[in-house]
Amino acid sequence: MTTRRHFLIGTAALLGAPAIVRAQTKEIVVGGPGGMAGLMRDEIIPAFEKRTGAKVLFEGSRSVVNLQKLQTGKDKPAMSVVMMDEDIMLRAGVEGLIAPVTPSGVKGLSMVVPVAIAKDGMWVRYKTPRVAVAFNSTRVPGGVPTWAELWDGKYRGKLAVPHMSLTSTANVLTIAAHLETGKPFQEAQYDVDAGFKKLRALKPNVMAFYNNGQQGQALLEQGEAWAIPGEITSYVLLRKGEGVKIDLAAPKEGSFGIPSCVAEVKGAPNAELAREFITELLDAPAQKLFAERYFDSPANPSTPVGPGIMPPSEIFNTDWEFVSKNRAAWIERFDREVVA
């Protein structure tokens with residue numbers, strides 16, 4: 001099969017000017033989430049290519065895989081832009097694999113809310129999936145008005161709870177600590193002992209702990225599980241829009257976020273073009289697509305949003321650096337104290 005690379009080489013040979021072709025070809029590789037590959041390749045990237053005359057190759061994968069690519073290609077990176085979850089982006093920042101995003105380089109920084117610019121400009125949160133309580137709207141027709149309700153006896157044996165190895169469970173630990181102590185989220189997230197104490201009290205209501213998102217989601221959609229603490233808009237509201245009888249609550253205590261982030265790769269090929277692409281993700285057309293397709297909170301406040309989408313300023317952003325440092329110990333403790 002003729003690849004794009006073969007086509008370029010063949011065309012260059014035909015014209016007798018390979019150096020000229022290479023000089024005129026602006027190309028970057030973007031590493032991003034595999035679940036967004038369709039939207040990126042069908043809509044966002046074609047619009048960018050048309051405007052700039054450049055070529056963008058999108059490699060869709062999980063955040064940890066993209067991090068591994070950055071690590072193995074540190075001395076000669078192939079990717080110019082990387083899109084990852086914030087807890088993984090933190091590791092890339094610590095290892096010096098990404099370059100600071102500055103207002104002079106990325107014009108789009110002026111479009112986003114201040115909270116979207118993370119770690120002194122090391123990366124940008126281009127959208128934020130909201131984390132709250134997912135529920136089966138047939139089993140719980142009145143919805144779930146509070147997180148605290150999940151500890152009520154009516155949910156005995158009816159909850160599917162994500163394992164601590166899944167990202168959103170760090171938020172569940174925070175809400176548990178908040179309910180146990182009354183501390184605001186900002187303080188409660190560090191009161192880990194209180195959080196585990198409250199999670200142990202939830203055990204009678206748990207029908208299953210799962211470490212694969214699809215397992216829990218299947219239980220919820222089938223109505224075997226009535227609710228899941230710690231699910232996200234990108235899954236729940238998407239499935240609701242497809243006619244599945246599930247919904248995402250807006251509990252009175254508040255909602256959490258798992259930011260989706262973008263950064264320039266340190267030493268990136270075509271770095272200027274990489275910065276233009278980051279601006280593309282922050283501009284209104286792309287932000288509108290993210291909100292419409294995934295129901296996530298946009299970083300650009302001028303983006304029109306539908307019901308169920310909160311602005312980032314109303315979503316609590318967890319200290320993911322604290323989570324990253326402690327997750328391994330929490331997983332072991334979760335298995336010992338909560339699952340067992």
# chains A, B, ... in the order shown; residues from 1 in each chain; ligands from 1
$ residues_around --residues "region 27-29 of chain A" --least-positions-apart "4" --cutoff "9 Å" --atoms "only C-alpha atoms" --output "PyMOL selection string"
chain A and resi 54-59+78-82+268-271+273-274
$ write_last_selection --atoms "all heavy atoms" --output "short mmCIF file (atom, residue, chain, number, x, y, z; two decimals), in the first residue's frame"
data_model
loop_
_atom_site.label_atom_id
_atom_site.label_comp_id
_atom_site.auth_asym_id
_atom_site.auth_seq_id
_atom_site.Cartn_x
_atom_site.Cartn_y
_atom_site.Cartn_z
N ALA A 54 -0.39 23.27 6.66
CA ALA A 54 0.48 22.28 7.29
C ALA A 54 -0.18 20.90 7.28
O ALA A 54 -1.34 20.75 6.88
CB ALA A 54 0.78 22.70 8.73
N LYS A 55 0.57 19.91 7.73
CA LYS A 55 0.04 18.56 7.88
C LYS A 55 0.17 18.15 9.35
O LYS A 55 1.19 18.40 9.98
CB LYS A 55 0.81 17.56 7.01
CG LYS A 55 0.54 17.73 5.52
CD LYS A 55 -0.90 17.40 5.18
CE LYS A 55 -1.18 17.57 3.69
NZ LYS A 55 -2.61 17.34 3.39
N VAL A 56 -0.89 17.53 9.85
CA VAL A 56 -0.90 17.07 11.23
C VAL A 56 -1.18 15.57 11.25
O VAL A 56 -2.18 15.12 10.69
CB VAL A 56 -1.96 17.81 12.07
CG1 VAL A 56 -1.98 17.27 13.51
CG2 VAL A 56 -1.71 19.31 12.07
N LEU A 57 -0.31 14.82 11.89
CA LEU A 57 -0.51 13.39 12.08
C LEU A 57 -0.94 13.17 13.52
O LEU A 57 -0.22 13.56 14.45
CB LEU A 57 0.78 12.62 11.78
CG LEU A 57 1.38 12.81 10.39
CD1 LEU A 57 2.67 12.01 10.26
CD2 LEU A 57 0.39 12.42 9.31
N PHE A 58 -2.11 12.57 13.72
CA PHE A 58 -2.62 12.35 15.07
C PHE A 58 -2.41 10.91 15.47
O PHE A 58 -2.85 9.99 14.79
CB PHE A 58 -4.11 12.70 15.14
CG PHE A 58 -4.69 12.60 16.53
CD1 PHE A 58 -4.49 13.61 17.45
CD2 PHE A 58 -5.41 11.48 16.91
CE1 PHE A 58 -5.00 13.51 18.73
CE2 PHE A 58 -5.93 11.37 18.19
CZ PHE A 58 -5.73 12.39 19.11
N GLU A 59 -1.73 10.71 16.59
CA GLU A 59 -1.51 9.37 17.14
C GLU A 59 -2.35 9.23 18.39
O GLU A 59 -2.04 9.81 19.43
CB GLU A 59 -0.02 9.15 17.46
CG GLU A 59 0.87 9.18 16.23
CD GLU A 59 2.32 8.88 16.55
OE1 GLU A 59 2.66 8.78 17.75
OE2 GLU A 59 3.12 8.73 15.61
N ALA A 78 9.66 12.89 18.35
CA ALA A 78 8.89 12.82 17.11
C ALA A 78 7.62 13.65 17.24
O ALA A 78 7.17 14.26 16.27
CB ALA A 78 8.54 11.37 16.79
N MET A 79 7.04 13.67 18.45
CA MET A 79 5.82 14.43 18.68
C MET A 79 6.15 15.91 18.93
O MET A 79 7.18 16.22 19.54
CB MET A 79 5.03 13.86 19.85
CG MET A 79 4.41 12.52 19.60
SD MET A 79 3.22 12.02 20.89
CE MET A 79 4.31 11.82 22.30
N SER A 80 5.25 16.76 18.51
CA SER A 80 5.39 18.19 18.78
C SER A 80 4.39 18.68 19.83
O SER A 80 4.66 19.64 20.55
CB SER A 80 5.19 19.01 17.49
OG SER A 80 6.21 18.72 16.56
N VAL A 81 3.23 18.02 19.89
CA VAL A 81 2.17 18.38 20.84
C VAL A 81 1.72 17.10 21.52
O VAL A 81 1.60 16.05 20.87
CB VAL A 81 0.97 19.05 20.13
CG1 VAL A 81 -0.16 19.32 21.11
CG2 VAL A 81 1.41 20.34 19.45
N VAL A 82 1.46 17.19 22.83
CA VAL A 82 0.96 16.02 23.55
C VAL A 82 -0.27 16.43 24.35
O VAL A 82 -0.32 17.50 24.95
CB VAL A 82 2.05 15.41 24.46
CG1 VAL A 82 2.46 16.37 25.56
CG2 VAL A 82 1.61 14.08 25.03
N ALA A 268 10.48 20.22 20.41
CA ALA A 268 9.54 19.75 19.38
C ALA A 268 9.95 20.17 17.98
O ALA A 268 10.40 21.30 17.77
CB ALA A 268 8.15 20.32 19.68
N PRO A 269 9.78 19.26 17.01
CA PRO A 269 9.92 19.66 15.61
C PRO A 269 8.83 20.69 15.27
O PRO A 269 7.70 20.56 15.73
CB PRO A 269 9.69 18.35 14.84
CG PRO A 269 9.89 17.26 15.85
CD PRO A 269 9.46 17.83 17.16
N ASN A 270 9.18 21.69 14.50
CA ASN A 270 8.22 22.74 14.12
C ASN A 270 7.49 23.30 15.33
O ASN A 270 6.26 23.30 15.40
CB ASN A 270 7.21 22.19 13.10
CG ASN A 270 7.80 22.05 11.70
OD1 ASN A 270 8.57 22.91 11.25
ND2 ASN A 270 7.48 20.97 11.03
N ALA A 271 8.26 23.79 16.29
CA ALA A 271 7.69 24.26 17.55
C ALA A 271 6.67 25.39 17.36
O ALA A 271 5.65 25.44 18.05
CB ALA A 271 8.81 24.72 18.48
N LEU A 273 4.67 25.86 14.86
CA LEU A 273 3.43 25.25 14.39
C LEU A 273 2.73 24.52 15.53
O LEU A 273 1.49 24.51 15.62
CB LEU A 273 3.73 24.29 13.24
CG LEU A 273 2.53 23.69 12.50
CD1 LEU A 273 1.71 24.79 11.83
CD2 LEU A 273 3.00 22.67 11.47
N ALA A 274 3.50 23.90 16.42
CA ALA A 274 2.92 23.23 17.59
C ALA A 274 2.14 24.22 18.44
O ALA A 274 1.04 23.92 18.91
CB ALA A 274 4.03 22.58 18.41
#
$ select_by_dssp --residues "region 44-270 of chain A" --states "strand (DSSP E)" --output "PyMOL selection string"
chain A and resi 55-61+81-85+98-99+117-118+123-128+130-136+159-162+206-210+227-232+246-248+255-257+260-265
$ write_last_selection --atoms "C-alpha atoms" --output "PDB file, in the first residue's frame"
ATOM      1  CA  LYS A  55       0.044  18.562   7.885  1.00  0.00           C
ATOM      2  CA  VAL A  56      -0.895  17.072  11.235  1.00  0.00           C
ATOM      3  CA  LEU A  57      -0.510  13.388  12.077  1.00  0.00           C
ATOM      4  CA  PHE A  58      -2.623  12.355  15.067  1.00  0.00           C
ATOM      5  CA  GLU A  59      -1.514   9.368  17.137  1.00  0.00           C
ATOM      6  CA  GLY A  60      -4.356   8.318  19.410  1.00  0.00           C
ATOM      7  CA  SER A  61      -3.495   6.401  22.548  1.00  0.00           C
ATOM      8  CA  VAL A  81       2.174  18.377  20.840  1.00  0.00           C
ATOM      9  CA  VAL A  82       0.959  16.023  23.551  1.00  0.00           C
ATOM     10  CA  MET A  83      -2.545  15.796  25.041  1.00  0.00           C
ATOM     11  CA  MET A  84      -2.771  13.897  28.354  1.00  0.00           C
ATOM     12  CA  ASP A  85      -4.620  13.704  31.659  1.00  0.00           C
ATOM     13  CA  ILE A  98       7.446  19.446  27.926  1.00  0.00           C
ATOM     14  CA  ALA A  99       8.118  23.123  27.300  1.00  0.00           C
ATOM     15  CA  ILE A 117      -3.356  27.626  32.803  1.00  0.00           C
ATOM     16  CA  ALA A 118      -1.688  25.057  35.050  1.00  0.00           C
ATOM     17  CA  TRP A 123       0.487  23.182  30.194  1.00  0.00           C
ATOM     18  CA  VAL A 124      -3.091  24.211  29.471  1.00  0.00           C
ATOM     19  CA  ARG A 125      -6.325  22.476  30.432  1.00  0.00           C
ATOM     20  CA  TYR A 126      -8.232  22.585  27.158  1.00  0.00           C
ATOM     21  CA  LYS A 127     -11.339  20.935  28.642  1.00  0.00           C
ATOM     22  CA  THR A 128     -12.444  19.478  31.967  1.00  0.00           C
ATOM     23  CA  ARG A 130     -16.849  16.819  35.377  1.00  0.00           C
ATOM     24  CA  VAL A 131     -16.813  14.071  38.001  1.00  0.00           C
ATOM     25  CA  ALA A 132     -19.924  13.389  40.089  1.00  0.00           C
ATOM     26  CA  VAL A 133     -22.464  10.625  40.763  1.00  0.00           C
ATOM     27  CA  ALA A 134     -23.784   8.659  37.795  1.00  0.00           C
ATOM     28  CA  PHE A 135     -27.151   7.017  38.326  1.00  0.00           C
ATOM     29  CA  ASN A 136     -29.604   4.791  36.517  1.00  0.00           C
ATOM     30  CA  LEU A 159     -23.486   0.767  44.216  1.00  0.00           C
ATOM     31  CA  ALA A 160     -20.680   0.036  41.775  1.00  0.00           C
ATOM     32  CA  VAL A 161     -17.542   1.745  43.073  1.00  0.00           C
ATOM     33  CA  PRO A 162     -14.364   2.345  41.066  1.00  0.00           C
ATOM     34  CA  VAL A 206     -21.327  -1.724  47.487  1.00  0.00           C
ATOM     35  CA  MET A 207     -22.296  -4.526  45.127  1.00  0.00           C
ATOM     36  CA  ALA A 208     -18.979  -4.441  43.258  1.00  0.00           C
ATOM     37  CA  PHE A 209     -15.614  -2.712  43.096  1.00  0.00           C
ATOM     38  CA  TYR A 210     -14.309  -2.507  39.536  1.00  0.00           C
ATOM     39  CA  ALA A 227     -25.371   4.518  41.026  1.00  0.00           C
ATOM     40  CA  ILE A 228     -21.619   5.017  40.610  1.00  0.00           C
ATOM     41  CA  PRO A 229     -19.706   7.616  42.634  1.00  0.00           C
ATOM     42  CA  GLY A 230     -16.958   9.131  40.506  1.00  0.00           C
ATOM     43  CA  GLU A 231     -18.172   8.957  36.891  1.00  0.00           C
ATOM     44  CA  ILE A 232     -17.562  11.616  34.246  1.00  0.00           C
ATOM     45  CA  ILE A 246     -28.530   7.089  32.903  1.00  0.00           C
ATOM     46  CA  ASP A 247     -27.632  10.605  34.051  1.00  0.00           C
ATOM     47  CA  LEU A 248     -24.995  12.531  35.967  1.00  0.00           C
ATOM     48  CA  SER A 255     -18.446  18.375  41.564  1.00  0.00           C
ATOM     49  CA  PHE A 256     -14.860  17.546  40.698  1.00  0.00           C
ATOM     50  CA  GLY A 257     -12.822  17.687  37.525  1.00  0.00           C
ATOM     51  CA  SER A 260      -7.651  17.172  29.862  1.00  0.00           C
ATOM     52  CA  CYS A 261      -4.377  18.967  29.150  1.00  0.00           C
ATOM     53  CA  VAL A 262      -2.226  19.958  26.207  1.00  0.00           C
ATOM     54  CA  ALA A 263       1.428  20.952  26.060  1.00  0.00           C
ATOM     55  CA  GLU A 264       4.269  21.576  23.664  1.00  0.00           C
ATOM     56  CA  VAL A 265       6.897  18.839  23.641  1.00  0.00           C
TER      57      VAL A 265
END
$ select_by_dssp --residues "region 92-323 of chain A" --states "helix (DSSP H, G or I)" --output "PyMOL selection string"
chain A and resi 92-94+107-111+114-116+119-121+148-151+153-155+169-181+185-188+192-205+213-222+233-241+271-282+284-294+312-314+320-323
$ atom_distance --atom1 "CA of Glu253 (chain A)" --atom2 "CA of Gln186 (chain A)"
12.7 Å
$ residues_around --residues "Ile88 (chain A)" --least-positions-apart "4" --cutoff "10 Å" --atoms "only C-alpha atoms" --output "ChimeraX atom specification"
/A:63-67,83-84,92-93,261,320-321,324
$ write_last_selection --atoms "N, CA, C and O atoms" --output "tab-separated table (two decimals), in the first residue's frame"
chain	number	residue	atom	x	y	z
A	63	SER	N	-2.92	8.15	27.87
A	63	SER	CA	-1.96	9.12	28.38
A	63	SER	C	-0.63	8.47	28.75
A	63	SER	O	0.44	9.00	28.46
A	64	VAL	N	-0.70	7.30	29.40
A	64	VAL	CA	0.55	6.66	29.84
A	64	VAL	C	1.39	6.22	28.65
A	64	VAL	O	2.62	6.23	28.70
A	65	VAL	N	0.74	5.84	27.55
A	65	VAL	CA	1.48	5.44	26.35
A	65	VAL	C	2.15	6.66	25.73
A	65	VAL	O	3.32	6.61	25.30
A	66	ASN	N	1.44	7.79	25.70
A	66	ASN	CA	2.04	9.01	25.17
A	66	ASN	C	3.23	9.45	26.03
A	66	ASN	O	4.23	9.95	25.50
A	67	LEU	N	3.12	9.27	27.34
A	67	LEU	CA	4.24	9.60	28.22
A	67	LEU	C	5.44	8.72	27.89
A	67	LEU	O	6.58	9.20	27.82
A	83	MET	N	-1.30	15.58	24.33
A	83	MET	CA	-2.55	15.80	25.04
A	83	MET	C	-2.72	14.64	26.03
A	83	MET	O	-2.84	13.49	25.61
A	84	MET	N	-2.73	14.96	27.34
A	84	MET	CA	-2.77	13.90	28.35
A	84	MET	C	-3.59	14.35	29.56
A	84	MET	O	-3.81	15.55	29.77
A	92	ALA	N	5.34	14.25	33.12
A	92	ALA	CA	6.09	14.78	31.98
A	92	ALA	C	6.79	16.08	32.35
A	92	ALA	O	7.92	16.34	31.93
A	93	GLY	N	6.11	16.91	33.14
A	93	GLY	CA	6.71	18.17	33.58
A	93	GLY	C	7.90	17.94	34.49
A	93	GLY	O	8.95	18.58	34.34
A	261	CYS	N	-5.41	17.94	29.30
A	261	CYS	CA	-4.38	18.97	29.15
A	261	CYS	C	-3.61	18.83	27.84
A	261	CYS	O	-3.52	17.75	27.27
A	320	TRP	N	-3.53	17.19	41.93
A	320	TRP	CA	-3.11	15.94	41.30
A	320	TRP	C	-1.66	15.59	41.61
A	320	TRP	O	-1.27	14.42	41.54
A	321	GLU	N	-0.86	16.58	41.96
A	321	GLU	CA	0.51	16.29	42.35
A	321	GLU	C	0.52	15.48	43.66
A	321	GLU	O	1.27	14.52	43.80
A	324	SER	N	-0.64	11.97	42.78
A	324	SER	CA	0.40	11.21	42.09
A	324	SER	C	1.44	10.66	43.07
A	324	SER	O	1.91	9.52	42.94
